[in-house]
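Source file: query17.txt (compact mmCIF, C-alpha atoms and all ligand atoms)
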```txt
# COMPACT_ATOMS: atom_id res chain seq x y z
CA MET A 127 88.75 122.67 90.01
CA ALA A 128 89.83 119.37 88.54
CA VAL A 129 91.55 118.23 91.72
CA GLU A 130 90.68 114.64 92.50
CA ASP A 131 89.25 113.96 95.98
CA VAL A 132 91.82 112.01 97.97
CA VAL A 133 93.07 111.49 101.48
CA VAL A 134 96.74 110.81 102.19
CA ARG A 135 98.67 109.69 105.20
CA GLY A 136 102.36 110.18 105.95
CA VAL A 137 105.08 110.20 108.58
CA VAL A 138 108.29 112.11 109.11
CA PRO A 139 111.14 109.57 108.93
CA ASP A 140 112.84 109.10 112.32
CA ARG A 141 110.53 111.55 114.09
CA PRO A 142 107.32 110.68 116.02
CA ILE A 143 105.26 112.88 113.73
CA ARG A 144 102.41 111.76 111.51
CA ALA A 145 100.19 113.67 109.16
CA PHE A 146 97.05 113.44 107.07
CA ALA A 147 95.72 115.67 104.32
CA CYS A 148 92.76 115.60 102.00
CA THR A 149 91.10 117.36 99.12
CA THR A 150 87.31 117.14 99.26
CA THR A 151 86.05 119.64 96.67
CA GLY A 152 83.97 117.05 94.81
CA VAL A 153 82.53 115.49 97.96
CA VAL A 154 81.58 118.87 99.46
CA ASN A 155 80.04 119.94 96.14
CA ALA A 156 77.94 116.77 96.16
CA LEU A 157 76.82 117.52 99.73
CA GLN A 158 75.98 121.11 98.79
CA GLN A 159 73.78 119.84 95.96
CA VAL A 160 72.06 117.15 98.04
CA HIS A 161 71.25 119.57 100.87
CA ARG A 162 70.99 122.78 98.81
CA SER A 163 73.05 124.27 101.62
CA TRP A 164 73.90 127.95 101.84
CA PRO A 165 77.57 129.02 102.08
CA VAL A 166 78.14 129.10 105.85
CA ALA A 167 76.40 125.72 106.23
CA THR A 168 78.43 124.27 103.35
CA ALA A 169 81.63 125.54 104.99
CA ALA A 170 80.81 124.09 108.41
CA LEU A 171 79.72 120.74 106.97
CA GLY A 172 82.62 120.63 104.50
CA ARG A 173 85.25 121.32 107.17
CA THR A 174 83.80 118.55 109.34
CA VAL A 175 83.72 116.17 106.36
CA SER A 176 87.40 116.83 105.65
CA VAL A 177 88.38 116.07 109.24
CA GLY A 178 86.18 112.95 109.19
CA ALA A 179 87.77 111.70 105.97
CA MET A 180 91.24 112.07 107.49
CA MET A 181 90.31 110.49 110.84
CA ALA A 182 88.72 107.56 109.00
CA MET A 183 92.16 106.61 107.65
CA GLN A 184 92.84 105.20 111.13
CA LEU A 185 89.86 102.82 110.93
CA LYS A 186 90.03 99.11 110.28
CA ALA A 187 88.16 97.58 107.35
CA ASN A 188 84.64 97.26 108.80
CA GLU A 189 84.68 100.21 111.16
CA ARG A 190 82.82 103.47 110.82
CA LEU A 191 83.44 106.88 112.28
CA THR A 192 80.72 109.37 113.15
CA LEU A 193 81.44 112.97 114.07
CA GLN A 194 78.72 115.04 115.65
CA VAL A 195 79.04 118.78 116.21
CA ASP A 196 76.26 119.80 118.56
CA GLY A 197 76.34 123.58 118.74
CA ASP A 198 73.69 126.01 119.92
CA GLY A 199 74.07 128.23 116.83
CA PRO A 200 71.55 128.52 113.96
CA LEU A 201 73.00 125.55 112.02
CA GLY A 202 71.92 123.08 114.68
CA ARG A 203 73.60 119.71 114.62
CA ILE A 204 76.23 118.63 112.08
CA VAL A 205 76.70 114.90 111.53
CA VAL A 206 79.41 113.31 109.41
CA ASP A 207 79.89 109.63 108.79
CA ALA A 208 82.99 108.08 107.18
CA ASP A 209 84.32 104.59 106.61
CA ALA A 210 87.71 103.03 105.95
CA ALA A 211 86.98 102.70 102.24
CA GLY A 212 86.87 106.46 101.70
CA HIS A 213 83.07 106.85 101.66
CA VAL A 214 81.77 109.95 103.42
CA ARG A 215 78.34 111.46 103.96
CA GLY A 216 76.96 114.15 106.21
CA TYR A 217 74.24 116.64 106.92
CA VAL A 218 73.61 119.83 108.80
CA GLN A 219 70.29 120.24 110.58
CA ASN A 220 69.55 123.71 109.19
CA PRO A 221 71.32 124.09 105.83
CA HIS A 222 69.62 127.42 105.05
CA VAL A 223 71.44 129.76 107.39
CA HIS A 224 72.91 133.10 106.44
CA LEU A 225 75.08 135.25 108.70
CA PRO A 226 77.09 138.40 107.97
CA LEU A 227 80.79 137.77 107.26
CA ASN A 228 83.00 137.78 110.36
CA ALA A 229 85.59 140.44 111.30
CA LEU A 230 88.11 138.78 108.94
CA GLY A 231 85.69 139.00 106.02
CA LYS A 232 85.19 135.20 106.08
CA LEU A 233 82.13 133.00 106.41
CA ASP A 234 81.20 133.06 110.10
CA VAL A 235 81.34 129.32 110.74
CA GLY A 236 82.01 129.82 114.46
CA GLY A 237 78.95 132.02 114.85
CA ALA A 238 76.78 129.62 112.85
CA VAL A 239 77.91 126.57 114.87
CA GLY A 240 77.90 128.28 118.29
CA ARG A 241 78.97 126.65 121.53
CA GLY A 242 78.23 123.11 122.64
CA MET A 243 79.81 119.70 122.31
CA LEU A 244 81.81 117.69 119.81
CA TYR A 245 81.31 113.92 119.81
CA VAL A 246 83.46 111.31 118.10
CA MET A 247 82.01 107.83 117.76
CA ARG A 248 83.94 104.90 116.38
CA ASP A 249 81.74 101.95 115.53
CA MET A 250 83.95 98.87 115.61
CA GLY A 251 81.26 96.42 114.45
CA LEU A 252 79.68 94.28 117.18
CA ARG A 253 78.05 97.37 118.76
CA ASP A 254 81.38 98.38 120.27
CA VAL A 255 81.10 102.15 120.04
CA TYR A 256 83.88 104.28 121.42
CA ARG A 257 82.74 107.77 122.23
CA GLY A 258 84.96 110.71 123.04
CA SER A 259 83.63 114.21 123.56
CA VAL A 260 84.87 117.71 124.28
CA GLU A 261 83.35 121.15 124.54
CA LEU A 262 83.45 123.18 121.33
CA GLN A 263 86.12 125.88 121.56
CA THR A 264 85.27 128.32 118.78
CA GLY A 265 82.88 126.39 116.53
CA GLU A 266 85.33 126.99 113.66
CA ILE A 267 85.77 123.17 113.47
CA GLY A 268 89.58 123.10 113.02
CA ASP A 269 90.12 124.58 116.51
CA ASP A 270 87.54 122.24 118.00
CA PHE A 271 89.26 119.13 116.65
CA THR A 272 92.67 120.44 117.73
CA TYR A 273 91.24 120.62 121.24
CA TYR A 274 89.61 117.19 120.89
CA PHE A 275 92.91 115.52 119.92
CA ALA A 276 94.77 117.26 122.78
CA VAL A 277 92.23 116.49 125.50
CA SER A 278 90.51 113.28 124.45
CA GLU A 279 93.40 111.53 122.67
CA GLN A 280 96.33 113.25 124.45
CA THR A 281 97.87 114.04 121.07
CA PRO A 282 99.11 117.57 120.34
CA SER A 283 97.86 118.32 116.84
CA ALA A 284 97.47 121.03 114.27
CA VAL A 285 94.23 120.83 112.30
CA GLY A 286 93.44 122.93 109.24
CA ALA A 287 90.22 122.69 107.25
CA GLY A 288 88.78 125.07 104.70
CA VAL A 289 85.95 125.43 102.21
CA LEU A 290 85.78 128.15 99.57
CA VAL A 291 82.26 128.76 98.27
CA ASP A 292 81.51 130.51 94.98
CA THR A 293 78.80 133.16 94.50
CA ASP A 294 76.48 130.52 92.96
CA HIS A 295 76.87 128.42 96.18
CA SER A 296 78.99 125.76 94.48
CA VAL A 297 82.28 124.78 96.08
CA LEU A 298 85.51 126.04 94.52
CA ALA A 299 87.86 124.26 96.91
CA ALA A 300 87.67 122.16 100.07
CA GLY A 301 90.32 120.25 101.96
CA GLY A 302 92.37 120.00 105.10
CA PHE A 303 95.33 118.64 107.00
CA ILE A 304 96.10 117.17 110.41
CA VAL A 305 99.63 117.01 111.86
CA GLN A 306 100.12 115.05 115.07
CA LEU A 307 103.05 114.93 117.49
CA MET A 308 103.22 111.45 118.94
CA PRO A 309 104.90 110.39 122.21
CA GLY A 310 108.64 111.06 122.12
CA HIS A 311 108.45 114.37 120.27
CA THR A 312 110.74 117.18 121.37
CA GLU A 313 110.46 120.92 121.98
CA GLU A 314 112.31 121.37 118.67
CA ASP A 315 109.56 119.42 116.87
CA VAL A 316 106.94 121.72 118.42
CA ALA A 317 108.89 124.87 117.53
CA ALA A 318 109.50 123.74 113.95
CA LEU A 319 105.81 122.93 113.46
CA GLU A 320 104.68 126.24 114.95
CA ALA A 321 107.06 128.15 112.70
CA ARG A 322 105.67 126.36 109.63
CA LEU A 323 102.07 126.98 110.64
CA ALA A 324 102.72 130.68 111.28
CA GLY A 325 103.64 131.33 107.67
CA LEU A 326 101.12 129.02 106.09
CA ALA A 327 98.57 130.16 103.50
CA SER A 328 95.01 128.92 104.06
CA VAL A 329 94.11 125.47 102.76
CA THR A 330 91.77 126.89 100.12
CA ASP A 331 94.29 129.54 98.98
CA GLN A 332 96.82 126.76 98.49
CA MET A 333 94.29 124.63 96.62
CA MET A 334 93.24 127.51 94.36
CA ALA A 335 96.93 127.79 93.48
CA GLY A 336 96.91 124.12 92.48
CA ALA A 337 97.98 122.31 95.66
CA THR A 338 97.22 118.58 95.90
CA ALA A 339 96.63 116.70 99.16
CA GLU A 340 100.32 115.74 99.18
CA ASP A 341 101.24 119.41 98.74
CA LEU A 342 99.01 120.44 101.68
CA MET A 343 100.91 117.97 103.84
CA ARG A 344 104.38 118.97 102.57
CA ARG A 345 103.81 122.70 103.15
CA VAL A 346 103.46 121.93 106.88
CA LEU A 347 106.00 119.09 106.98
CA PRO A 348 108.49 119.37 104.11
CA GLU A 349 110.25 116.15 105.12
CA VAL A 350 107.06 114.03 105.27
CA ARG A 351 106.99 110.69 103.50
CA VAL A 352 103.61 109.71 102.03
CA LEU A 353 102.64 106.17 103.07
CA GLU A 354 99.16 105.81 101.70
CA ARG A 355 96.68 107.48 99.36
CA ARG A 356 92.99 106.68 99.03
CA PRO A 357 90.28 108.15 96.82
CA LEU A 358 87.32 109.76 98.59
CA GLU A 359 83.73 109.52 97.47
CA TYR A 360 80.40 110.89 98.64
CA ARG A 361 78.10 107.92 99.24
CA CYS A 362 75.08 107.33 101.43
CA THR A 363 74.67 103.83 102.78
CA CYS A 364 70.93 104.05 103.42
CA GLU A 365 68.74 101.42 101.80
CA ARG A 366 65.07 100.50 101.83
CA GLU A 367 65.64 97.13 103.49
CA ARG A 368 67.43 98.65 106.51
CA ILE A 369 64.66 101.24 106.95
CA ARG A 370 62.10 98.42 106.74
CA LEU A 371 63.89 96.72 109.65
CA VAL A 372 63.87 99.95 111.68
CA LEU A 373 60.11 100.30 111.11
CA LYS A 374 59.63 96.66 112.07
CA SER A 375 61.49 97.26 115.33
CA LEU A 376 58.96 99.96 116.29
CA GLY A 377 56.43 97.25 117.12
CA ARG A 378 52.75 96.70 116.61
CA ALA A 379 51.29 99.70 118.46
CA GLU A 380 53.46 102.25 116.67
CA LEU A 381 52.84 100.65 113.25
CA GLU A 382 49.09 100.57 113.84
CA SER A 383 49.09 104.23 114.76
CA MET A 384 51.02 105.06 111.56
CA ILE A 385 48.48 103.13 109.51
CA ARG A 386 45.55 104.78 111.29
CA GLU A 387 46.87 108.34 111.34
CA GLN A 388 48.95 108.56 108.14
CA GLY A 389 47.73 105.63 106.07
CA GLY A 390 51.35 104.53 105.68
CA ALA A 391 54.79 105.88 106.46
CA GLU A 392 57.35 108.08 104.79
CA VAL A 393 60.91 107.98 106.08
CA VAL A 394 63.47 110.51 104.87
CA CYS A 395 67.21 109.81 105.14
CA HIS A 396 68.82 112.87 106.75
CA PHE A 397 72.08 112.15 104.96
CA CYS A 398 70.86 112.10 101.36
CA ASN A 399 67.21 113.24 101.53
CA THR A 400 66.00 110.05 99.83
CA ARG A 401 62.33 109.45 100.67
CA TYR A 402 61.19 105.92 101.40
CA ALA A 403 57.41 105.45 101.28
CA PHE A 404 55.66 102.44 102.83
CA THR A 405 51.98 101.69 102.16
CA LYS A 406 49.64 100.60 104.94
CA GLU A 407 49.74 97.07 103.52
CA GLU A 408 53.53 97.07 103.74
CA LEU A 409 53.41 98.31 107.33
CA ALA A 410 50.82 95.67 108.26
CA ALA A 411 53.12 92.99 106.85
CA LEU A 412 55.85 94.13 109.27
CA MET A 413 53.80 93.13 112.31
CA PRO A 414 54.63 89.78 113.87
CA GLU A 415 52.32 87.00 112.53
CA GLU A 416 50.63 86.16 115.80
CA GLU A 417 49.91 89.82 116.53
CA ARG A 418 48.59 90.81 113.11
CA GLY A 419 45.08 92.15 113.48
ZN ZN B 1 70.68 108.14 102.63
```
As structure tokens, what does this structure read like?
Ligand SMILES: [Zn+2]
Amino acid sequence: MAVEDVVVRGVVPDRPIRAFACTTTGVVNALQQVHRSWPVATAALGRTVSVGAMMAMQLKANERLTLQVDGDGPLGRIVVDADAAGHVRGYVQNPHVHLPLNALGKLDVGGAVGRGMLYVMRDMGLRDVYRGSVELQTGEIGDDFTYYFAVSEQTPSAVGAGVLVDTDHSVLAAGGFIVQLMPGHTEEDVAALEARLAGLASVTDQMMAGATAEDLMRRVLPEVRVLERRPLEYRCTCERERIRLVLKSLGRAELESMIREQGGAEVVCHFCNTRYAFTKEELAALMPEEERG
């Protein structure tokens, strides 16, 4: 698929209705390769990444958004991180999970995620972290965020997210949409949206037929006007210097025990699997001067 990864935002003129849509095939393929994830894990992570990319459009320049899906299913925790510049990253605790297809013949994302909680954290700089949470409804991700928007943000929403995985585990298509009815919407707005959703092909079916992010949005809201379009990119923000500071914050006793027991330290970034090795000399240099033994 040569569809560029983008996220778009739009509104319906003269109606309190806004919408987002994204195509994330490239990003989800990059995540699949980084984590060597199996199909149901790729689908769960990819759906969450699509929702995160769309929600991040609401962020201000230096803010970050973290989504955490904490289910009791075999996948364990899913974490997705996105910023206002269109950078996304994510991981799933157990990427090597295989389950039989569900009753619809689809990847059993709900079964792999299980029941538990969904957390949304918005880091506004200055350690000001807003945290909303709801119980997972089905673990299918789209349903869980629909419930999150209704309960935690009092915004009736329709959320669609899909990932189509090929037999070689690569990603053929990934993307999603969010439509939100803002204060002032009418029963007619609800009915019109429900009618559109009822006849809608899946996100990945639409994408395989060539749909762009704008198309995904227009199929649900034909009258939508696109206001903004941003490219999306997989990027991990980890760096050796930041990990050095984390190690330093552990303090003398912890660093000494690492030196004694492991002869150094190896820290692995969950998001991108990059390994950062620190020798015992480097760890010793992290101890405060007056305490260095
Ligand atoms: Zn990383």
Which of these, A:Phe404, A:Tyr217, A:Tyr274, A:Phe397, has the shortest distance to Thr168 of chain A once you count only C-alpha atoms? A:Tyr217
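Note that atom CA of Leu373 of chain A and atom CA of Ala411 of chain A are 11.0 Å apart.
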Proximity of chain A to ligand ZN 1 (chain B): per-residue shortest pair, 12 Å limit, only C-alpha atoms and all ligand atoms, as a Markdown table:
```
| residue | atom | partner | partner_atom | distance |
| --- | --- | --- | --- | --- |
| A:Leu157 | CA | B:ZN1 | ZN | 11.6 |
| A:Val160 | CA | B:ZN1 | ZN | 10.2 |
| A:His161 | CA | B:ZN1 | ZN | 11.6 |
| A:Asp207 | CA | B:ZN1 | ZN | 11.2 |
| A:Val214 | CA | B:ZN1 | ZN | 11.3 |
| A:Arg215 | CA | B:ZN1 | ZN | 8.5 |
| A:Gly216 | CA | B:ZN1 | ZN | 9.4 |
| A:Tyr217 | CA | B:ZN1 | ZN | 10.2 |
| A:Tyr360 | CA | B:ZN1 | ZN | 10.9 |
| A:Arg361 | CA | B:ZN1 | ZN | 8.2 |
| A:Cys362 | CA | B:ZN1 | ZN | 4.6 |
| A:Thr363 | CA | B:ZN1 | ZN | 5.9 |
| A:Cys364 | CA | B:ZN1 | ZN | 4.2 |
| A:Glu365 | CA | B:ZN1 | ZN | 7.0 |
| A:Arg366 | CA | B:ZN1 | ZN | 9.5 |
| A:Arg368 | CA | B:ZN1 | ZN | 10.8 |
| A:Ile369 | CA | B:ZN1 | ZN | 10.1 |
| A:Val393 | CA | B:ZN1 | ZN | 10.4 |
| A:Val394 | CA | B:ZN1 | ZN | 7.9 |
| A:Cys395 | CA | B:ZN1 | ZN | 4.6 |
| A:His396 | CA | B:ZN1 | ZN | 6.5 |
| A:Phe397 | CA | B:ZN1 | ZN | 4.8 |
| A:Cys398 | CA | B:ZN1 | ZN | 4.2 |
| A:Asn399 | CA | B:ZN1 | ZN | 6.3 |
| A:Thr400 | CA | B:ZN1 | ZN | 5.8 |
| A:Arg401 | CA | B:ZN1 | ZN | 8.7 |
| A:Tyr402 | CA | B:ZN1 | ZN | 9.8 |
```
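Relative to atom CA of Val175 of chain A, atom CA of Arg356 of chain A is found at 15.2 Å.
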Determine, counting only C-alpha atoms, every residue of protein, DNA or RNA that lies within 6 Å of (90.7, 108.6, 104.8) in the file coordinates, then give the result as JSON, numbers by chain. {"A": [133, 179, 180, 182, 183, 212]}
Would you mind listing what lies within 10 Å of Leu319 of chain A as number ranges by chain, with all atoms listed in the file counted and same-chain residues fewer than 5 positions away left out? A: 283-284, 305-307, 313-314, 324, 346-347
Could you list, as a PyMOL selection string, every residue within 7 Å of segment 224-229 of chain A, counting only C-alpha atoms and ignoring same-chain residues fewer than 3 positions away? chain A and resi 164+166+232-234
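For the pair atom CA of Val153 of chain A and atom CA of Glu367 of chain A, the interatomic distance is 25.6 Å.
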If we count all atoms listed in the file and set the cut-off at 8 Å, which residues sit around Val246 of chain A, ignoring sequence neighbours fewer than 2 positions away in its own chain? Please answer as a count of residues only. 10
What's the 12 Å shell around Thr312 of chain A, counting only C-alpha atoms, without same-chain residues fewer than 3 positions away, as a ChimeraX atom specification? /A:141-143,282,307-309,315-319
Where atoms are absent from segment 154-188 of chain A, fill them in so it carries N, CA and C atoms, then output it as an mmCIF file, in the frame of the given file.
```
data_model
loop_
_atom_site.group_PDB
_atom_site.id
_atom_site.type_symbol
_atom_site.label_atom_id
_atom_site.label_comp_id
_atom_site.auth_asym_id
_atom_site.auth_seq_id
_atom_site.Cartn_x
_atom_site.Cartn_y
_atom_site.Cartn_z
ATOM 1 N N VAL A 154 82.312 117.756 98.839
ATOM 2 C CA VAL A 154 81.580 118.870 99.460
ATOM 3 C C VAL A 154 80.603 119.487 98.456
ATOM 4 N N ASN A 155 80.980 119.493 97.176
ATOM 5 C CA ASN A 155 80.040 119.940 96.140
ATOM 6 C C ASN A 155 78.822 119.029 96.084
ATOM 7 N N ALA A 156 79.062 117.722 96.187
ATOM 8 C CA ALA A 156 77.940 116.770 96.160
ATOM 9 C C ALA A 156 77.034 117.014 97.360
ATOM 10 N N LEU A 157 77.622 117.247 98.528
ATOM 11 C CA LEU A 157 76.820 117.520 99.730
ATOM 12 C C LEU A 157 76.031 118.817 99.572
ATOM 13 N N GLN A 158 76.677 119.826 98.988
ATOM 14 C CA GLN A 158 75.980 121.110 98.790
ATOM 15 C C GLN A 158 74.749 120.905 97.908
ATOM 16 N N GLN A 159 74.902 120.063 96.867
ATOM 17 C CA GLN A 159 73.780 119.840 95.960
ATOM 18 C C GLN A 159 72.681 119.019 96.614
ATOM 19 N N VAL A 160 73.056 118.001 97.370
ATOM 20 C CA VAL A 160 72.060 117.150 98.040
ATOM 21 C C VAL A 160 71.242 117.972 99.035
ATOM 22 N N HIS A 161 71.928 118.826 99.794
ATOM 23 C CA HIS A 161 71.250 119.570 100.870
ATOM 24 C C HIS A 161 70.854 120.984 100.460
ATOM 25 N N ARG A 162 71.249 121.406 99.255
ATOM 26 C CA ARG A 162 70.990 122.780 98.810
ATOM 27 C C ARG A 162 71.467 123.764 99.874
ATOM 28 N N SER A 163 72.599 123.479 100.475
ATOM 29 C CA SER A 163 73.050 124.270 101.620
ATOM 30 C C SER A 163 73.562 125.636 101.177
ATOM 31 N N TRP A 164 73.402 126.609 102.067
ATOM 32 C CA TRP A 164 73.900 127.950 101.840
ATOM 33 C C TRP A 164 75.359 128.007 102.314
ATOM 34 N N PRO A 165 76.108 129.046 101.891
ATOM 35 C CA PRO A 165 77.570 129.020 102.080
ATOM 36 C C PRO A 165 78.083 128.705 103.485
ATOM 37 N N VAL A 166 77.543 129.344 104.536
ATOM 38 C CA VAL A 166 78.140 129.100 105.850
ATOM 39 C C VAL A 166 77.864 127.665 106.309
ATOM 40 N N ALA A 167 76.716 127.113 105.898
ATOM 41 C CA ALA A 167 76.400 125.720 106.230
ATOM 42 C C ALA A 167 77.312 124.775 105.445
ATOM 43 N N THR A 168 77.536 125.084 104.175
ATOM 44 C CA THR A 168 78.430 124.270 103.350
ATOM 45 C C THR A 168 79.840 124.267 103.929
ATOM 46 N N ALA A 169 80.279 125.438 104.421
ATOM 47 C CA ALA A 169 81.630 125.540 104.990
ATOM 48 C C ALA A 169 81.750 124.710 106.266
ATOM 49 N N ALA A 170 80.753 124.831 107.141
ATOM 50 C CA ALA A 170 80.810 124.090 108.410
ATOM 51 C C ALA A 170 80.761 122.586 108.157
ATOM 52 N N LEU A 171 79.850 122.159 107.288
ATOM 53 C CA LEU A 171 79.720 120.740 106.970
ATOM 54 C C LEU A 171 80.976 120.240 106.248
ATOM 55 N N GLY A 172 81.452 121.031 105.299
ATOM 56 C CA GLY A 172 82.620 120.630 104.500
ATOM 57 C C GLY A 172 83.887 120.503 105.343
ATOM 58 N N ARG A 173 84.078 121.426 106.290
ATOM 59 C CA ARG A 173 85.250 121.320 107.170
ATOM 60 C C ARG A 173 85.162 120.043 108.000
ATOM 61 N N THR A 174 83.971 119.747 108.515
ATOM 62 C CA THR A 174 83.800 118.550 109.340
ATOM 63 C C THR A 174 84.005 117.290 108.501
ATOM 64 N N VAL A 175 83.530 117.316 107.257
ATOM 65 C CA VAL A 175 83.720 116.170 106.360
ATOM 66 C C VAL A 175 85.207 115.925 106.093
ATOM 67 N N SER A 176 85.963 116.998 105.904
ATOM 68 C CA SER A 176 87.400 116.830 105.650
ATOM 69 C C SER A 176 88.089 116.183 106.846
ATOM 70 N N VAL A 177 87.769 116.661 108.058
ATOM 71 C CA VAL A 177 88.380 116.070 109.240
ATOM 72 C C VAL A 177 87.951 114.595 109.367
ATOM 73 N N GLY A 178 86.681 114.326 109.110
ATOM 74 C CA GLY A 178 86.180 112.950 109.190
ATOM 75 C C GLY A 178 86.889 112.034 108.199
ATOM 76 N N ALA A 179 87.098 112.510 106.987
ATOM 77 C CA ALA A 179 87.770 111.700 105.970
ATOM 78 C C ALA A 179 89.198 111.355 106.402
ATOM 79 N N MET A 180 89.859 112.318 107.045
ATOM 80 C CA MET A 180 91.240 112.070 107.490
ATOM 81 C C MET A 180 91.264 111.128 108.699
ATOM 82 N N MET A 181 90.352 111.358 109.659
ATOM 83 C CA MET A 181 90.310 110.490 110.840
ATOM 84 C C MET A 181 89.948 109.055 110.465
ATOM 85 N N ALA A 182 89.148 108.897 109.409
ATOM 86 C CA ALA A 182 88.720 107.560 109.000
ATOM 87 C C ALA A 182 89.875 106.723 108.453
ATOM 88 N N MET A 183 90.987 107.370 108.123
ATOM 89 C CA MET A 183 92.160 106.610 107.650
ATOM 90 C C MET A 183 92.717 105.708 108.746
ATOM 91 N N GLN A 184 92.363 106.000 110.003
ATOM 92 C CA GLN A 184 92.840 105.200 111.130
ATOM 93 C C GLN A 184 91.945 103.999 111.403
ATOM 94 N N LEU A 185 90.818 103.900 110.665
ATOM 95 C CA LEU A 185 89.860 102.820 110.930
ATOM 96 C C LEU A 185 90.326 101.508 110.330
ATOM 97 N N LYS A 186 89.822 100.414 110.892
ATOM 98 C CA LYS A 186 90.030 99.110 110.280
ATOM 99 C C LYS A 186 88.889 98.862 109.295
ATOM 100 N N ALA A 187 89.034 97.796 108.502
ATOM 101 C CA ALA A 187 88.160 97.580 107.350
ATOM 102 C C ALA A 187 86.667 97.773 107.584
ATOM 103 N N ASN A 188 86.098 97.202 108.657
ATOM 104 C CA ASN A 188 84.640 97.260 108.800
ATOM 105 C C ASN A 188 84.163 98.320 109.786
#
```
